[in-house]
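This report refers to the structure that appears directly beneath it.
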Amino acid sequence: MNRTIEIAGRVLDHVGERAEAEVLVTGGESALTRFANSFIHQNVADEGYEVSLRVAVDGRVNAAGTTSLERLEDFVDDTIGIATLQRVDENWPGVAEPTDVVDPHHFDEATAAATPAERARLVADFVAAAPELVAAGYCATMGHDVAFVNTDGHRAFGRYTRATIDGIHQAGEALGSVAAAGSGHATSQRLGDLDGAAVGALAADRARRGLDAFDLEPGEYQVVLAPECVATIAMFLSYYGFNGKHYAEGQSFVELGKKQFDAAIHLFDDAADPRALGVGFDAEGTPRRRVELIKSGVTQGIAHDRRTARKAGVSPTGHGDPGSEVWGPLPSHVFLEEGATSVDEMIASVDRGLYVVTFNYCRVLDPKQLDVTGLTRNGTFMIENGKITGAVTNLRFTQSFVTALGQGRVQAIGNDARFADSEFGPGMMHVPSLHLEKWNFTGGAAG
Amino acid sequence: MFDLAQAAVEGALAAGAEYADARVVVAKNQSIVVLNQEPQSIDQTERAGVGVRALAGSSWGFYATSDLNPLAARRAGEKSAAIARASSTVPGPVMPLAAVPVVDDSYQTPHDEDPFAVPISDKVDMLVEVTATMQSVAGIALAGSNLSFWDTDKWFVSSQGHRIHQHLVESGGGFDATAVGESETQRRSYPQSFGQYETGGYEAVRRWDFPGNAGRIAEEAAALLRAPEIEEGEKALILEGSQLALQIHESVGHAIELDRILGWEAAFAGTSHLELEKLSKHRYGSSLMNITADATLPGALGTFGYDDEGTAAQCVDIVREGIWVGVLSGRDSASIAGLSPGGMVRADGYNRLPMVRMTNVGLLPGDSSLEGLIADTKDGVYMATNRSWSIDDRRLNFQFGCEIAWEIKNGRLGRMVKNPTYTGITPQFWAQLDKLAGGDEWVHWGTPNCGKGQPMQVAHTGHSAAPGRFARVRVGVRA
C-alpha cells in the first residue's frame with residue numbers, strides 16, 4: 001500500500017465516529033539545483049509527509065496540519081477537541097460524497113527519481129549555451145503522491161511529477177557594454193522533455209540583443225507579449241476574477257455570459273488535459289472538472305470549492321485547494337488556446353511597438369477593474385516597421401488586464417503555447433504569445 | 001533534539017562535507033480568519049523536521065526530512081553532502097566561510113502572555129465583534145479580521161561546535177473593511193495592510209485595540225467610495241509610518257542584501273543597484289536618512305538571539321546621514337566581500353536552506369511630528385496604509401498605492417482622496433526626504449510575508465519608522 005494512503009487511513013481510523021472528517025496526505029521529494037554567476041551555489045532537496053485534517057463536530061469546524069507522523073493520534077485528538085469549542089459554521093458544506101476520480105497519470109517515474117547529477121547536467125547545458133555570458137537560474141524536479149479519504153467513504157489517490165529549467169543569461173560587463181539579461185523557461189511532467197541547451201540558447205540570444213538599450217518615452221504602444229507575460233495576465237485573471245469567492249464578494253470583474261474579451265480568446269481550466277500537471281482531485285476530494293472560463297470572448301465560468309459552490313447553488317468544480325477557504329478557489333491548470341501566428345509574423349505586423357519577454361513584480365491597484373502595475377524584465381525590444389530595431393530599458397506599466405484583452409484589442413494569438421512562468425510560479429499557466437493593440441506604459445528608467 | 005542535529009552533522013561530515021550544520025525545528029502556527037462575523041478558517045499547523053547544510057567546494061548542499069529519528073537525520077546529512085558534491089559538475093570559486101565565535105547558548109523571545117494559551121474561542125469572539133462593528137457602517141460589504149501566532153523551537157548544531165536552542169514567539173493580526181462600488185473597491189486596514197506582527201505574546205494584539213478602531217476604519221472605507229480621485233502631479237508627500245516602513249523594506253532592505261549584490265539572486269528576486277566598491281561612498285539619500293539593521297530591538301518582528309548559522313543577533317549601520325555604509329550578510333557572503341558577518345541568515349522552516357534575510361531594517365526617527373510635518377507643508381498629500389507595491393529587480397523603479405490620502409493645503413489636512421499612488425527612483429526619492437517625525441511616533445512595523453529564494457521562502461521582518469516627508473514626488477499615476 002502506498003504510504004500516503006496508509007497514513008490517511010490511520011488518521012481517519014483514529015477520528016472514528018467522533019466527527020465528519022476529510023484527510024489529505026501529500027508525500028514525496030522535491031529538489032532544486034540553483035546556479036548563479038555560472039556555477040551551482042545552492043543545491044537542495046527535502047522529503048516528508050504532510051497531513052491535513054479538517055473535522056466538523058455538529059457543524060463546528062476546525063482544520064489542522066502536521067508533518068509529525070509519530071504523534072498522529074494526539075494530532076487528531078487535538079483537532080477534534082478544538083472543533084468542539086468553536087461556533088457552529090452555518091456554511092459548512094459537509095464532506096464530499098463518494099465519486100469516481102479518474103487519475104490523469106501526470107507522473108513520470110524517471111522524474112520522481114531524478115538525481116542531483118541529472119539536474120546538474122541540465123544546468124551545465126544551460127550555462128554552456130553561452131559560456132561568455134553570466135548565467136543564473138535553477139533546475140527543479142518533484143514527485144509527489146497524494147491521498148484523500150473522508151468519513152463518507154470517499155477515496156482518491158494520485159501521483160504527479162514536475163520538472164523545470166528556468167534561467168537568465170546576463171551580457172554586458174564582459175563585452176564592454178551596457179548590461180542586459182534574457183530569460184528562458186521550460187516546464188513539463190517529465191525531466192526528459194527539458195532541453196537545457198535550447199532554453200539557455202534562447203536566454204542568451206535575448207541577453208545579447210538586449211545590450212545598449214535606450215530609454216523609451218512612456219505611453220501607449222502596441223505589444224507582442226511572450227508567454228511569460230501572458231501567463232501572468234492569465235494568473236491575475238484567474239486569481240482575481242475567475243475565483244468563486246471573489247466573485248461572490250463582488251470583487252471580481254467577471255460578468256457571466258457577457259462578452260468581456262476579444263472573440264479570439266478561449267481560456268479554460270482542465271487538470272485532465274494530457275499536458276497538465278497535478279492530480280485529478282482537490283483537497284476536498286472533488287474531481288477537478290474542466291471549466292470554460294472565456295469562450296469566443298464571452299465570460300463563461302468560475303472556479304468553485306465546496307463552500308463557494310454551496311453558496312452559489314452549483315456543483316463544486318474541484319478547486320478546493322489548501323487555503324481556498326481564505327483566498328478562494330483558484331484555477332491553476334489554465335490553458336489559453338493557441339492560434340496560428342508565429343512570433344515573427346506578429347512582429348512583422350507591428351509598425352511601432354514593443355516585444356516584451358517577461359513581466360516582473362505585478363501588483364493589483366483595484367481587483368474590480370484588474371488595474372495592475374508592474375515592470376518589464378529580461379528583454380524589452382523596440383519594433384519598428386515590422387522588425388526589432390533595438391533594446392529598450394525596462395518600463396513600468398499601469399494597465400487593466402481586462403481592458404487589454406477587450407473586444408478588438410487582440411491582434412493575434414501565437415502558435416507557441418507552452419507552460420510559462422507566471423508571477424505566482426511555474427506549471428500553472430499554459431499559454432502562447434499575444435499581439436495586443438495597446439498597452440499603457442507609465443514610467444521608464446527615469447521614473 | 002541536539003542529538004538529532006548532531007547525527008545529521010556527523011552524517012554530512014562522514015560523507016565528505018568540509019563544513020556542516022543542522023537545525024531541528026518544531027514550528028507551530030495558529031491562524032484564525034473571520035469574514036462578516038463568520039469564521040472562514042481556524043487552522044493549526046505543526047511542521048517539524050531536521051535540515052542539514054553541507055559545504056563542498058563552491059556549493060551548499062542541503063537536505064531535509066520530517067522524519068525525526070537519528071538514522072533518518074544521519075541519512076539526511078549524508079544526502080546533503082552528496083548533493084553538494086554533485087554541484088561540482090558546474091563548479092565555481094570555493095565558497096569561503098567567515099569565522100564567528102562558537103557558542104553554546106539559548107535564547108527565548110520575551111513575552112508576557114502565551115498566545116497559544118489564550119482560548120481560540122476568545123480570539124474568535126474578538127474578531128467577530130470587530131467585523132460586526134465594521135458591518136454596522138453603511139456601505140461596508142466585506143469586514144475581515146485575522147490573527148496569527150507562531151511558536152518555534154530551533155536546535156542548531158554545527159561541525160565547528162555550535163549548540164544553540166532558541167524559542168521564538170510571534171503574534172499579530174489585523175482587520176480590514178471593504179466597500180464595493182459599481183466598478184471599484186475601496187479598502188481600509190488596521191493597524192496596517194495585512195496586519196501588524198511582532199515578537200512577543202498576546203499582549204502585542206491587545207495593545208493595538210482592534211475593537212476600538214473598527215468603527216473609524218469602516219467609516220473611512222465607506223467614505224472613500226464617495227471621495228474624488230487624487231490629482232496627478234508632483235507634490236510634497238507625507239507617508240504614514242507603516243507605508244514608510246514598506247518603502248524602506250522594498251527600496252532599502254532588499255537592495256542591501258549582499259547575496260543580491262553578489263548576483264546570487266539574479267534570476268528571480270533580482271540584483272541591486274548598489275555596487276560594493278561604492279560602500280561608504282554612495283549617497284543613498286538626504287542627510288536625514290539613518291538606517292540600521294537591528295536584530296536586537298525588543299518586540300520587533302525581525303528580532304532573535306542567533307541567526308540560522310549560529311551568528312549572534314546584532315545592530316549594523318546601513319545608511320548613516322545619507323551615505324550607504326552597510327549590508328545584510330551571512331558567513332559566506334561576508335567573507336567574499338571582506339566584511340564581518342552580520343548574523344542575517346535565516347530559513348523558512350526546517351526544510352529550507354538559510355539565506356540572507358532582513359532583520360529589523362528601520363529608519364531612525366527625526367525630531368518633528370506628523371502634526372508638525374503637515375503644518376509645515378503648503379501643497380502636498382498625506383498617504384496612509386499600503387494597497388499595492390511594485391519595484392524593479394534592481395530596487396530602483398518603484399510604484400506604491402495606498403489605501404487613503406488627504407490633500408494638504410497651507411499646513412492643514414484637506415479633503416480625502418482615493419486611489420493614491422506615487423512613483424519614483426530610489427536614490428532620487430530618498431534624496432527628497434526633508435523632515436521626519438520623532439521617537440514618540442516611531443513604530444516597529446512587522447512584515448510577515450517577505451518572499452525570496454527558490455524554492456520560495458517567506459520571512460518575517462521588521463521595519464521601524466515614523467511618518468516622514470519627501471519634498472517632491474510624482475503622485476496620482478493610474479491606468
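Each chain in the C-alpha cells gets a letter, A, B, ..., in the order shown, and its residues are numbered from 1; ligands are numbered from 1 in order too.
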If the cut-off is 6 Å, can you tell me the residues of chain A near chain B, counting only C-alpha atoms? I'd like them as a PyMOL selection string. chain A and resi 36+39-48+62-67+116-117+124+136-137+167-168+361+363+365+368+398-399+447
Report as a list in words all protein, DNA and RNA residues lying within 7 Å of segment 435-451 of chain B, evaluated on only C-alpha atoms, omitting residues in the same chain fewer than 5 positions from it. Gln196, Tyr197, Glu198, Ser242, Ala245, Ala300, Leu301, Pro365, Gly366, Asp367, Ser368, Ser369, Leu370, Leu373, Met456, Gln457, Val458, Ala459, His460, Thr461, Gly462, His463, Ser464, Ala465, Ala466, Pro467, Gly468 and Arg469 of chain B
Written selection (C-alpha atoms) as a JSON list (two decimals), in the first residue's frame:
[["chain", "number", "residue", "atom", "x", "y", "z"],
["B", 196, "GLN", "CA", 0.75, 44.14, 12.45],
["B", 197, "TYR", "CA", 3.08, 41.41, 13.75],
["B", 198, "GLU", "CA", 5.68, 41.49, 16.48],
["B", 242, "SER", "CA", 3.60, 51.76, 8.03],
["B", 245, "ALA", "CA", 8.17, 51.04, 6.61],
["B", 300, "ALA", "CA", 10.28, 43.93, 16.63],
["B", 301, "LEU", "CA", 9.37, 41.12, 14.23],
["B", 365, "PRO", "CA", 13.35, 58.92, 13.85],
["B", 366, "GLY", "CA", 13.76, 62.66, 13.45],
["B", 367, "ASP", "CA", 12.64, 65.48, 15.71],
["B", 368, "SER", "CA", 9.29, 66.56, 14.30],
["B", 369, "SER", "CA", 5.82, 65.01, 14.44],
["B", 370, "LEU", "CA", 3.09, 64.15, 11.95],
["B", 373, "LEU", "CA", 5.04, 67.77, 9.07],
["B", 456, "MET", "CA", 10.28, 30.27, -2.29],
["B", 457, "GLN", "CA", 10.79, 31.20, 1.34],
["B", 458, "VAL", "CA", 8.71, 33.60, 3.41],
["B", 459, "ALA", "CA", 10.45, 35.62, 6.12],
["B", 460, "HIS", "CA", 9.23, 37.76, 8.99],
["B", 461, "THR", "CA", 10.99, 41.12, 9.00],
["B", 462, "GLY", "CA", 10.74, 44.35, 10.98],
["B", 463, "HIS", "CA", 10.89, 47.96, 9.84],
["B", 464, "SER", "CA", 10.85, 50.76, 12.37],
["B", 465, "ALA", "CA", 9.56, 54.04, 11.04],
["B", 466, "ALA", "CA", 7.85, 57.28, 11.98],
["B", 467, "PRO", "CA", 5.98, 59.43, 9.46],
["B", 468, "GLY", "CA", 8.25, 61.25, 7.01],
["B", 469, "ARG", "CA", 8.02, 63.90, 4.30]]
Could you pull out the alpha helix (DSSP H) residues of segment 298-476 of chain B, going by DSSP on the backbone, and write them as a list in words?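 Residues meeting the alpha helix (DSSP H) criterion: Arg331, Asp332, Ser333, Ala334, Ser335, Ile336, Ala337, Leu370, Glu371, Gly372, Leu373, Ile374, Ala375, Thr426, Pro427, Gln428, Phe429, Trp430 and Ala431 of chain B.
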I need the chosen residues saved as a compact mmCIF listing (two decimals), in the first residue's frame, with N, CA and C atoms.
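Resulting contents of again_24.txt:
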# COMPACT_ATOMS: atom_id res chain seq x y z
N ARG B 331 27.77 34.30 6.66
CA ARG B 331 29.19 33.93 6.80
C ARG B 331 29.87 33.79 5.44
N ASP B 332 29.14 33.25 4.45
CA ASP B 332 29.77 33.06 3.14
C ASP B 332 29.86 34.39 2.38
N SER B 333 28.74 35.10 2.30
CA SER B 333 28.74 36.34 1.51
C SER B 333 29.65 37.39 2.14
N ALA B 334 29.67 37.50 3.47
CA ALA B 334 30.52 38.49 4.13
C ALA B 334 31.99 38.19 3.86
N SER B 335 32.34 36.91 3.87
CA SER B 335 33.71 36.53 3.64
C SER B 335 34.15 36.94 2.24
N ILE B 336 33.29 36.70 1.27
CA ILE B 336 33.62 37.09 -0.11
C ILE B 336 33.80 38.60 -0.23
N ALA B 337 32.96 39.35 0.48
CA ALA B 337 33.02 40.81 0.39
C ALA B 337 34.06 41.42 1.31
N LEU B 370 3.99 64.12 13.10
CA LEU B 370 3.09 64.15 11.95
C LEU B 370 2.39 65.50 11.87
N GLU B 371 1.95 65.98 13.02
CA GLU B 371 1.29 67.28 13.07
C GLU B 371 2.23 68.37 12.54
N GLY B 372 3.48 68.26 12.95
CA GLY B 372 4.47 69.24 12.52
C GLY B 372 4.75 69.16 11.03
N LEU B 373 4.81 67.95 10.51
CA LEU B 373 5.04 67.77 9.07
C LEU B 373 3.92 68.41 8.26
N ILE B 374 2.70 68.17 8.69
CA ILE B 374 1.55 68.72 7.96
C ILE B 374 1.53 70.24 8.06
N ALA B 375 1.76 70.73 9.26
CA ALA B 375 1.71 72.19 9.47
C ALA B 375 2.77 72.91 8.65
N THR B 426 14.75 55.11 -6.59
CA THR B 426 15.18 55.02 -5.20
C THR B 426 16.09 56.17 -4.73
N PRO B 427 17.27 56.39 -5.32
CA PRO B 427 18.13 57.42 -4.74
C PRO B 427 17.56 58.83 -4.86
N GLN B 428 16.88 59.11 -5.98
CA GLN B 428 16.26 60.42 -6.12
C GLN B 428 15.17 60.62 -5.07
N PHE B 429 14.40 59.57 -4.83
CA PHE B 429 13.31 59.66 -3.86
C PHE B 429 13.86 59.93 -2.46
N TRP B 430 14.84 59.12 -2.04
CA TRP B 430 15.35 59.28 -0.67
C TRP B 430 16.10 60.60 -0.51
N ALA B 431 16.60 61.16 -1.62
CA ALA B 431 17.25 62.47 -1.53
C ALA B 431 16.24 63.56 -1.19
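What separates atom CA of Gly476 of chain B from atom CA of Arg394 of chain B is a distance of 23.5 Å.
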Would you pick out the contacts of Pro341 of chain B at 10 Å or less, using only C-alpha atoms, so that residues sharing its chain but fewer than 2 positions from it are not included, and give the list as JSON, numbers by chain? {"B": [97, 98, 99, 100, 311, 312, 314, 327, 328, 329, 330, 331, 332, 333, 334, 335, 337, 338, 339, 343, 344, 345]}
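Take the candidates A:Pro93, A:Gly196, A:Gly297, A:Gly443 and check each one against Ala140 of chain A using only C-alpha atoms; the shortest distance goes to A:Gly196.
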Please give the complete set of residues from segment 226-332 of chain A that DSSP, run on the backbone, assigns to strand (DSSP E), formatted as an NGL selection string. :A and (267-269 or 291-295 or 298-299)
Asp273 of chain A surroundings by only C-alpha atoms, 9 Å radius, close-in-sequence under 6 positions cut, as a tab-separated table (two decimals) with N, CA and C atoms, in the first residue's frame:
chain	number	residue	atom	x	y	z
A	104	PRO	N	-5.36	11.22	-13.92
A	104	PRO	CA	-4.88	11.63	-15.24
A	104	PRO	C	-3.45	11.15	-15.54
A	290	ARG	N	-13.29	20.23	-15.92
A	290	ARG	CA	-12.91	21.27	-16.89
A	290	ARG	C	-13.89	22.43	-16.75
A	333	HIS	N	-4.85	25.20	-13.52
A	333	HIS	CA	-4.49	24.33	-14.64
A	333	HIS	C	-5.05	24.99	-15.90
I'd like the contact shell of segment 8-11 of chain A - 12 Å cut-off, only C-alpha atoms, skipping same-chain residues fewer than 2 positions apart - returned as a ChimeraX atom specification. /A:1-6,13-16,21-27,49-55,65-66,69-77,79-80,145-151,153-157
Go ahead and dump the residues you just picked, C-alpha atoms, as a PDB file, in the first residue's frame.
ATOM      1  CA  MET A   1       0.000   0.000   0.000  1.00  0.00           C
ATOM      2  CA  ASN A   2       1.226   3.484  -0.813  1.00  0.00           C
ATOM      3  CA  ARG A   3       2.469   5.255   2.320  1.00  0.00           C
ATOM      4  CA  THR A   4       0.186   8.294   1.827  1.00  0.00           C
ATOM      5  CA  ILE A   5      -2.883   6.027   1.677  1.00  0.00           C
ATOM      6  CA  GLU A   6      -1.746   4.184   4.788  1.00  0.00           C
ATOM      7  CA  ASP A  13      -9.456   5.385  11.784  1.00  0.00           C
ATOM      8  CA  HIS A  14      -8.499   7.449  14.805  1.00  0.00           C
ATOM      9  CA  VAL A  15     -11.220  10.024  14.066  1.00  0.00           C
ATOM     10  CA  GLY A  16     -13.738   7.182  14.119  1.00  0.00           C
ATOM     11  CA  ALA A  21     -13.580  14.429   8.618  1.00  0.00           C
ATOM     12  CA  GLU A  22     -11.532  14.781   5.460  1.00  0.00           C
ATOM     13  CA  VAL A  23      -7.861  13.873   5.317  1.00  0.00           C
ATOM     14  CA  LEU A  24      -5.312  14.862   2.689  1.00  0.00           C
ATOM     15  CA  VAL A  25      -1.811  13.405   2.789  1.00  0.00           C
ATOM     16  CA  THR A  26       0.961  14.541   0.461  1.00  0.00           C
ATOM     17  CA  GLY A  27       4.359  12.901   0.379  1.00  0.00           C
ATOM     18  CA  TYR A  49       4.786  13.793   4.501  1.00  0.00           C
ATOM     19  CA  GLU A  50       2.262  16.496   5.264  1.00  0.00           C
ATOM     20  CA  VAL A  51      -1.093  15.607   6.755  1.00  0.00           C
ATOM     21  CA  SER A  52      -4.081  17.973   6.540  1.00  0.00           C
ATOM     22  CA  LEU A  53      -7.179  17.196   8.562  1.00  0.00           C
ATOM     23  CA  ARG A  54     -10.478  19.090   8.593  1.00  0.00           C
ATOM     24  CA  VAL A  55     -13.171  17.982  11.024  1.00  0.00           C
ATOM     25  CA  GLY A  65      -1.853  20.143   9.596  1.00  0.00           C
ATOM     26  CA  THR A  66       1.237  18.301  10.704  1.00  0.00           C
ATOM     27  CA  LEU A  69       3.747  11.198  11.921  1.00  0.00           C
ATOM     28  CA  GLU A  70       4.835   9.851  15.301  1.00  0.00           C
ATOM     29  CA  ARG A  71       2.163  11.957  17.029  1.00  0.00           C
ATOM     30  CA  LEU A  72      -0.782  11.421  14.696  1.00  0.00           C
ATOM     31  CA  GLU A  73      -3.176  10.265  17.405  1.00  0.00           C
ATOM     32  CA  ASP A  74      -2.537  13.363  19.524  1.00  0.00           C
ATOM     33  CA  PHE A  75      -2.886  15.474  16.409  1.00  0.00           C
ATOM     34  CA  VAL A  76      -6.323  14.010  15.661  1.00  0.00           C
ATOM     35  CA  ASP A  77      -7.490  14.328  19.279  1.00  0.00           C
ATOM     36  CA  THR A  79      -8.041  18.841  16.187  1.00  0.00           C
ATOM     37  CA  ILE A  80     -11.368  17.348  17.277  1.00  0.00           C
ATOM     38  CA  ASP A 145       1.878  11.134  -4.004  1.00  0.00           C
ATOM     39  CA  VAL A 146      -1.460  12.480  -2.808  1.00  0.00           C
ATOM     40  CA  ALA A 147      -4.111  10.513  -0.922  1.00  0.00           C
ATOM     41  CA  PHE A 148      -7.561  11.672   0.167  1.00  0.00           C
ATOM     42  CA  VAL A 149     -10.104   9.974   2.414  1.00  0.00           C
ATOM     43  CA  ASN A 150     -13.212  11.181   4.220  1.00  0.00           C
ATOM     44  CA  THR A 151     -15.779   9.839   6.641  1.00  0.00           C
ATOM     45  CA  GLY A 153     -16.232   6.724   2.338  1.00  0.00           C
ATOM     46  CA  HIS A 154     -14.811   8.813  -0.488  1.00  0.00           C
ATOM     47  CA  ARG A 155     -11.266   7.849  -1.517  1.00  0.00           C
ATOM     48  CA  ALA A 156      -8.893   9.306  -4.076  1.00  0.00           C
ATOM     49  CA  PHE A 157      -5.253   8.810  -4.890  1.00  0.00           C
TER      50      PHE A 157
END
Write out as a PDB file with N, CA and C atoms, in the first residue's frame each polymer residue whose atoms come within 6 Å of Val88 of chain A, counting only C-alpha atoms; drop sequence neighbours fewer than 2 positions from it.
ATOM      1  N   GLY A  59     -21.253  20.497  13.087  1.00  0.00           N
ATOM      2  CA  GLY A  59     -21.140  21.772  12.364  1.00  0.00           C
ATOM      3  C   GLY A  59     -20.079  22.700  12.909  1.00  0.00           C
ATOM      4  N   ARG A  60     -19.354  22.255  13.922  1.00  0.00           N
ATOM      5  CA  ARG A  60     -18.251  23.073  14.475  1.00  0.00           C
ATOM      6  C   ARG A  60     -16.968  22.593  13.800  1.00  0.00           C
ATOM      7  N   GLU A  90     -22.286  27.919   9.873  1.00  0.00           N
ATOM      8  CA  GLU A  90     -23.545  27.786   9.130  1.00  0.00           C
ATOM      9  C   GLU A  90     -23.304  27.445   7.664  1.00  0.00           C
TER      10      GLU A  90
END
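Atom CA of Ala313 of chain B is positioned 10.6 Å from atom CA of Asn360 of chain B.
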Hey, what's within 9 Å of Thr232 of chain A if we count only C-alpha atoms and toss same-chain stuff fewer than 5 positions away? As a PyMOL selection string, please? chain A and resi 227+237+358-360+362+420-424+429
Store the residues picked out above in a file with C-alpha atoms, as a compact mmCIF listing (two decimals), in the first residue's frame.
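Below you can see result-v9.txt, which holds the result:
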# COMPACT_ATOMS: atom_id res chain seq x y z
CA PRO A 227 4.30 33.52 -22.96
CA LEU A 237 -7.47 36.91 -14.38
CA THR A 358 8.60 38.85 -19.09
CA PHE A 359 6.65 40.93 -16.62
CA ASN A 360 8.01 41.50 -13.14
CA CYS A 362 2.96 42.88 -10.83
CA ALA A 420 5.24 29.62 -18.85
CA ASP A 421 6.46 31.00 -15.57
CA SER A 422 3.98 33.43 -14.05
CA GLU A 423 4.06 35.90 -11.21
CA PHE A 424 2.88 33.09 -8.88
CA MET A 429 -0.49 28.54 -17.00
Residue nearest Arg208 of chain A - candidates A:Ala348, A:Ala303, A:Ala283, A:Ala181, atoms counted: only C-alpha atoms: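 Answer, going by the shortest atom-to-atom distance: A:Ala181.
We find atom CA of Ile383 of chain A and atom CA of Ala179 of chain A to be spaced 20.4 Å apart.
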